[in-house]
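**Student:** To be precise about what I am sending: the file is called input.tsv and holds TSV, C-alpha atoms.
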chain	number	residue	atom	x	y	z
Z	1	GLY	CA	-7.51	52.72	54.30
Z	2	GLU	CA	-8.23	52.66	50.61
Z	3	ASN	CA	-10.82	50.19	49.31
Z	4	VAL	CA	-10.87	49.40	45.60
Z	5	GLU	CA	-13.73	47.49	44.05
Z	6	GLN	CA	-13.72	46.05	40.56
Z	7	HIS	CA	-16.63	44.99	38.33
Z	8	PRO	CA	-17.55	42.72	36.66
Z	9	SER	CA	-15.52	39.79	37.97
Z	10	THR	CA	-15.62	37.98	34.62
Z	11	LEU	CA	-16.10	39.40	31.14
Z	12	SER	CA	-16.38	37.47	27.89
Z	13	VAL	CA	-16.16	39.33	24.59
Z	14	GLN	CA	-16.03	38.37	20.95
Z	15	GLU	CA	-12.75	39.04	19.21
Z	16	GLY	CA	-12.82	42.51	17.72
Z	17	ASP	CA	-15.34	43.87	20.22
Z	18	SER	CA	-14.54	46.28	23.05
Z	19	ALA	CA	-14.10	45.40	26.71
Z	20	VAL	CA	-14.69	47.79	29.60
Z	21	ILE	CA	-13.73	47.18	33.22
Z	22	LYS	CA	-14.82	49.57	35.95
Z	23	CYS	CA	-13.31	50.25	39.34
Z	24	THR	CA	-14.34	52.41	42.25
Z	25	TYR	CA	-12.18	53.68	45.08
Z	26	SER	CA	-12.97	55.14	48.47
Z	27	ASP	CA	-10.08	57.44	49.45
Z	28	SER	CA	-10.35	60.90	47.93
Z	29	ALA	CA	-6.61	61.34	48.56
Z	30	SER	CA	-5.78	58.67	45.95
Z	31	ASN	CA	-4.05	60.26	43.00
Z	32	TYR	CA	-2.45	57.44	41.03
Z	33	PHE	CA	-4.39	54.69	39.26
Z	34	PRO	CA	-2.51	51.92	37.42
Z	35	TRP	CA	-3.89	48.93	35.57
Z	36	TYR	CA	-2.11	45.60	35.51
Z	37	LYS	CA	-2.53	42.57	33.25
Z	38	GLN	CA	-1.71	39.19	34.72
Z	39	GLU	CA	-1.36	36.08	32.62
Z	40	LEU	CA	-1.43	32.62	34.12
Z	41	GLY	CA	1.69	31.87	36.12
Z	42	LYS	CA	3.17	35.33	35.64
Z	43	GLY	CA	3.47	38.47	37.69
Z	44	PRO	CA	1.26	41.51	37.01
Z	45	GLN	CA	2.39	43.66	34.09
Z	46	LEU	CA	1.75	47.41	34.15
Z	47	ILE	CA	-0.20	48.28	30.99
Z	48	ILE	CA	-1.37	51.83	31.58
Z	49	ASP	CA	-1.75	54.31	34.41
Z	50	ILE	CA	-3.38	57.66	35.03
Z	51	ARG	CA	-2.83	60.42	37.53
Z	52	SER	CA	-5.54	62.51	39.12
Z	53	ASN	CA	-4.73	65.65	37.14
Z	54	VAL	CA	-5.79	63.90	33.92
Z	55	GLY	CA	-9.24	62.65	32.88
Z	56	GLU	CA	-8.27	60.25	30.11
Z	57	LYS	CA	-5.20	58.57	28.71
Z	58	LYS	CA	-4.79	56.41	25.61
Z	59	ASP	CA	-2.13	54.01	24.44
Z	60	GLN	CA	-2.96	52.32	21.14
Z	61	ARG	CA	-5.94	49.99	21.83
Z	62	ILE	CA	-6.02	50.72	25.55
Z	63	ALA	CA	-7.50	53.73	27.30
Z	64	VAL	CA	-8.24	54.66	30.88
Z	65	THR	CA	-10.73	57.26	32.10
Z	66	LEU	CA	-10.95	58.80	35.55
Z	67	ASN	CA	-13.87	60.51	37.26
Z	68	LYS	CA	-12.55	61.98	40.50
Z	69	THR	CA	-15.92	63.32	41.60
Z	70	ALA	CA	-17.53	59.91	41.42
Z	71	LYS	CA	-14.34	58.13	42.49
Z	72	HIS	CA	-14.32	55.69	39.63
Z	73	PHE	CA	-12.00	54.82	36.78
Z	74	SER	CA	-12.32	52.46	33.84
Z	75	LEU	CA	-10.16	50.49	31.45
Z	76	HIS	CA	-11.23	50.32	27.83
Z	77	ILE	CA	-9.76	47.80	25.40
Z	78	THR	CA	-10.81	48.20	21.78
Z	79	GLU	CA	-10.52	45.68	18.92
Z	80	THR	CA	-9.89	42.87	21.39
Z	81	GLN	CA	-7.59	40.04	20.40
Z	82	PRO	CA	-7.16	36.54	21.89
Z	83	GLU	CA	-3.90	37.64	23.50
Z	84	ASP	CA	-5.87	40.18	25.54
Z	85	SER	CA	-7.31	37.25	27.52
Z	86	ALA	CA	-5.96	37.60	31.06
Z	87	VAL	CA	-6.83	38.85	34.54
Z	88	TYR	CA	-6.83	42.63	34.81
Z	89	PHE	CA	-6.29	44.42	38.12
Z	90	CYS	CA	-6.98	48.04	38.91
Z	91	ALA	CA	-5.22	49.76	41.79
Z	92	ALA	CA	-5.08	53.09	43.58
Z	93	GLY	CA	-2.28	54.86	45.40
Z	94	SER	CA	-2.10	58.11	47.34
Z	95	GLY	CA	1.31	58.45	48.90
Z	96	SER	CA	-0.53	58.98	52.19
Z	97	TYR	CA	1.55	56.37	53.96
Z	98	GLY	CA	4.81	58.04	53.00
Z	99	ASN	CA	5.19	55.66	50.09
Z	100	ASN	CA	3.40	54.63	46.91
Z	101	ARG	CA	1.86	51.40	48.19
Z	102	LEU	CA	-1.09	50.32	46.08
Z	103	ALA	CA	-4.53	49.04	47.03
Z	104	PHE	CA	-5.76	46.53	44.44
Z	105	GLY	CA	-9.15	45.38	43.25
Z	106	LYS	CA	-9.83	41.64	43.18
Z	107	GLY	CA	-9.26	41.33	39.46
Z	108	ASN	CA	-11.34	40.81	36.37
Z	109	GLN	CA	-11.02	37.74	34.15
Z	110	VAL	CA	-11.33	38.80	30.52
Z	111	VAL	CA	-11.92	36.08	27.96
Z	112	VAL	CA	-11.70	36.99	24.29
Z	113	ILE	CA	-13.56	34.47	22.15
Z	114	PRO	CA	-11.98	33.96	18.72
V	1	GLY	CA	17.21	45.22	30.68
V	2	ALA	CA	16.57	42.61	33.32
V	3	GLY	CA	13.30	42.81	35.18
V	4	VAL	CA	12.46	41.88	38.75
V	5	SER	CA	13.37	38.30	39.57
V	6	GLN	CA	12.15	36.14	42.42
V	7	SER	CA	13.22	32.79	43.77
V	8	PRO	CA	12.18	30.13	44.22
V	9	SER	CA	9.30	30.14	41.75
V	10	ASN	CA	7.55	27.47	43.78
V	11	LYS	CA	7.98	26.41	47.38
V	12	VAL	CA	6.19	23.57	49.14
V	13	THR	CA	6.75	23.30	52.85
V	14	GLU	CA	5.30	21.61	55.88
V	15	LYS	CA	3.34	23.47	58.51
V	16	GLY	CA	5.66	24.83	61.17
V	17	LYS	CA	8.73	25.16	58.95
V	18	ASP	CA	10.44	28.47	58.16
V	19	VAL	CA	10.74	29.72	54.58
V	20	GLU	CA	12.76	32.45	52.88
V	21	LEU	CA	11.66	34.12	49.68
V	22	ARG	CA	14.06	36.21	47.63
V	23	CYS	CA	13.56	39.25	45.43
V	24	ASP	CA	16.09	40.84	43.07
V	25	PRO	CA	14.77	44.25	42.01
V	26	ILE	CA	15.54	46.14	38.83
V	27	SER	CA	19.02	47.64	39.12
V	28	GLY	CA	18.92	51.18	40.43
V	29	HIS	CA	15.37	50.99	41.80
V	30	THR	CA	15.41	52.36	45.32
V	31	ALA	CA	11.88	51.40	46.34
V	32	LEU	CA	10.83	47.78	46.86
V	33	TYR	CA	7.43	46.38	47.81
V	34	TRP	CA	6.18	42.97	48.87
V	35	TYR	CA	2.58	41.95	48.20
V	36	ARG	CA	0.66	38.74	48.77
V	37	GLN	CA	-1.91	37.32	46.36
V	38	SER	CA	-4.28	34.72	47.70
V	39	LEU	CA	-6.34	32.53	45.37
V	40	GLY	CA	-8.93	34.60	43.53
V	41	GLN	CA	-8.01	37.74	45.41
V	42	GLY	CA	-6.29	40.98	44.61
V	43	LEU	CA	-2.86	41.85	45.85
V	44	GLU	CA	-2.41	42.68	49.52
V	45	PHE	CA	0.39	45.05	50.56
V	46	LEU	CA	2.88	43.64	53.06
V	47	ILE	CA	5.93	45.90	53.40
V	48	TYR	CA	7.77	48.77	51.71
V	49	PHE	CA	11.51	49.41	51.55
V	50	GLN	CA	13.27	52.63	50.64
V	51	GLY	CA	16.90	51.69	50.32
V	52	ASN	CA	17.61	49.30	53.18
V	53	SER	CA	15.03	50.82	55.50
V	54	ALA	CA	11.45	49.60	55.92
V	55	PRO	CA	9.43	52.65	56.96
V	56	ASP	CA	6.11	50.90	56.31
V	57	LYS	CA	5.64	47.38	57.68
V	58	SER	CA	1.97	47.83	58.40
V	59	GLY	CA	0.81	45.10	56.02
V	60	LEU	CA	2.71	42.24	57.64
V	61	PRO	CA	-0.04	39.93	58.95
V	62	SER	CA	1.77	38.72	62.06
V	63	ASP	CA	5.12	38.72	63.84
V	64	ARG	CA	5.93	35.47	62.04
V	65	PHE	CA	6.59	37.61	58.96
V	66	SER	CA	9.75	39.67	58.57
V	67	ALA	CA	11.77	41.10	55.72
V	68	GLU	CA	15.11	42.69	55.14
V	69	ARG	CA	16.94	44.36	52.32
V	70	THR	CA	20.68	44.59	51.94
V	71	GLY	CA	22.90	46.79	49.79
V	72	GLY	CA	19.82	48.65	48.59
V	73	SER	CA	19.15	45.69	46.33
V	74	VAL	CA	18.16	42.13	47.22
V	75	SER	CA	15.32	41.60	49.66
V	76	THR	CA	14.35	38.50	51.61
V	77	LEU	CA	10.90	37.83	53.05
V	78	THR	CA	10.98	35.31	55.88
V	79	ILE	CA	7.97	33.47	57.24
V	80	GLN	CA	8.54	31.57	60.46
V	81	ARG	CA	6.47	28.63	61.67
V	82	THR	CA	4.41	28.59	58.49
V	83	GLN	CA	0.67	27.99	58.66
V	84	GLN	CA	-1.69	26.74	55.95
V	85	GLU	CA	-3.23	30.19	55.66
V	86	ASP	CA	0.19	31.49	54.54
V	87	SER	CA	-0.28	29.64	51.25
V	88	ALA	CA	-0.36	32.27	48.51
V	89	VAL	CA	1.70	33.84	45.77
V	90	TYR	CA	4.20	36.33	47.16
V	91	LEU	CA	5.01	39.13	44.73
V	92	CYS	CA	7.78	41.66	44.81
V	93	ALA	CA	7.76	44.96	42.94
V	94	SER	CA	10.40	47.62	42.52
V	95	SER	CA	10.13	51.25	41.59
V	96	PRO	CA	12.45	54.13	40.75
V	97	GLY	CA	12.52	56.57	43.62
V	98	HIS	CA	11.00	59.37	41.59
V	99	SER	CA	8.10	57.41	40.13
V	100	ASN	CA	4.81	55.82	41.17
V	101	GLU	CA	5.30	52.98	38.69
V	102	GLN	CA	5.84	49.56	40.20
V	103	PHE	CA	7.25	46.66	38.21
V	104	PHE	CA	6.47	43.18	39.45
V	105	GLY	CA	8.41	39.97	39.49
V	106	PRO	CA	6.88	36.60	38.58
V	107	GLY	CA	6.16	35.74	42.20
V	108	THR	CA	6.85	32.79	44.48
V	109	ARG	CA	3.99	30.34	44.92
V	110	LEU	CA	4.09	29.11	48.51
V	111	THR	CA	2.16	26.01	49.51
V	112	VAL	CA	2.03	25.02	53.15
V	113	LEU	CA	0.90	21.45	53.71
Write the structure described by the file as structure tokens, please.

**Tutor:**
Amino acid sequence: GENVEQHPSTLSVQEGDSAVIKCTYSDSASNYFPWYKQELGKGPQLIIDIRSNVGEKKDQRIAVTLNKTAKHFSLHITETQPEDSAVYFCAAGSGSYGNNRLAFGKGNQVVVIP
Amino acid sequence: GAGVSQSPSNKVTEKGKDVELRCDPISGHTALYWYRQSLGQGLEFLIYFQGNSAPDKSGLPSDRFSAERTGGSVSTLTIQRTQQEDSAVYLCASSPGHSNEQFFGPGTRLTVL
């Protein structure tokens, strides 16, 4: 099955700087790559996603890039703010199981220092 | 509109007891997923529903775990004879049938003593 790895596990950045989280996946059939933000005591919130026919997608301060050849994708957060502090999860889905079940990385704790 | 809701938010039980966890998906979403999140870990897929059918149960860790969905809406995850290793946050997500996007509920934190 799909194996998603996420690095680094913890990332501290100064407010206003950029944060980058990288993920790798193993299954070349994966074609859908969402990113979730999880705040303490809450469920994961979908913040951005990308499909395999696109190399990059932006939404305001957030962007995701995908390199299918290398099987890795990254989340970029620019002009970080304290409210960006959370755990971020990457995931991959392929529809190979007859549904869109997702394989998740272990999460990345982002701390934005005011 | 209303998002995915789950109840209870917290459940503490004794080893060997049965528990039921409930998920109310977003209205109109035909697909429903259960995941489990252990401390410091990513989410682990458990089961997928399309309508009331569960064509993919491959993530259920043992036969103590079961789930059902009725009326194409509410789903219940049941864990029988709970063990300490069942302690985790159980998350439910729903999705429109035509989309990959999954929207998660707040989860149920299960603690087995």

**Student:** Pick out the chain V residues within 12 Å of chain Z. Count all atoms listed in the file. Give them as a PyMOL selection string.

**Tutor:** chain V and resi 3-6+9-10+30-50+54-59+89-109

**Student:** Within 9 Å of (-10.5, 34.2, 28.8) in the file's own coordinates, which protein, DNA or RNA residues have an atom, counting all atoms listed in the file? List them as a VMD selection string.

**Tutor:** chain Z and resid 10 to 13 82 84 to 87 109 to 113

**Student:** So which one's closest to Pro8 (chain Z), Z:Lys22, Z:His72, Z:Lys37, Z:Arg61? Using only C-alpha atoms, please.

**Tutor:**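 Result for the nearest residue to Pro8 (chain Z): Z:Lys22.
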
**Student:** So that I can see what lies close to Glu68 (chain V), please list as a ChimeraX atom specification the residues with an atom at most 7 Å from it, counting all atoms listed in the file and leaving out residues fewer than 5 positions away in the same chain.

**Tutor:** /V:75-77

**Student:** If we count only C-alpha atoms and set the cut-off at 6 Å, which residues sit around region 60-65 of chain V, ignoring sequence neighbours fewer than 5 positions away in its own chain? Please answer as number ranges by chain.

**Tutor:** V: 46, 78-80
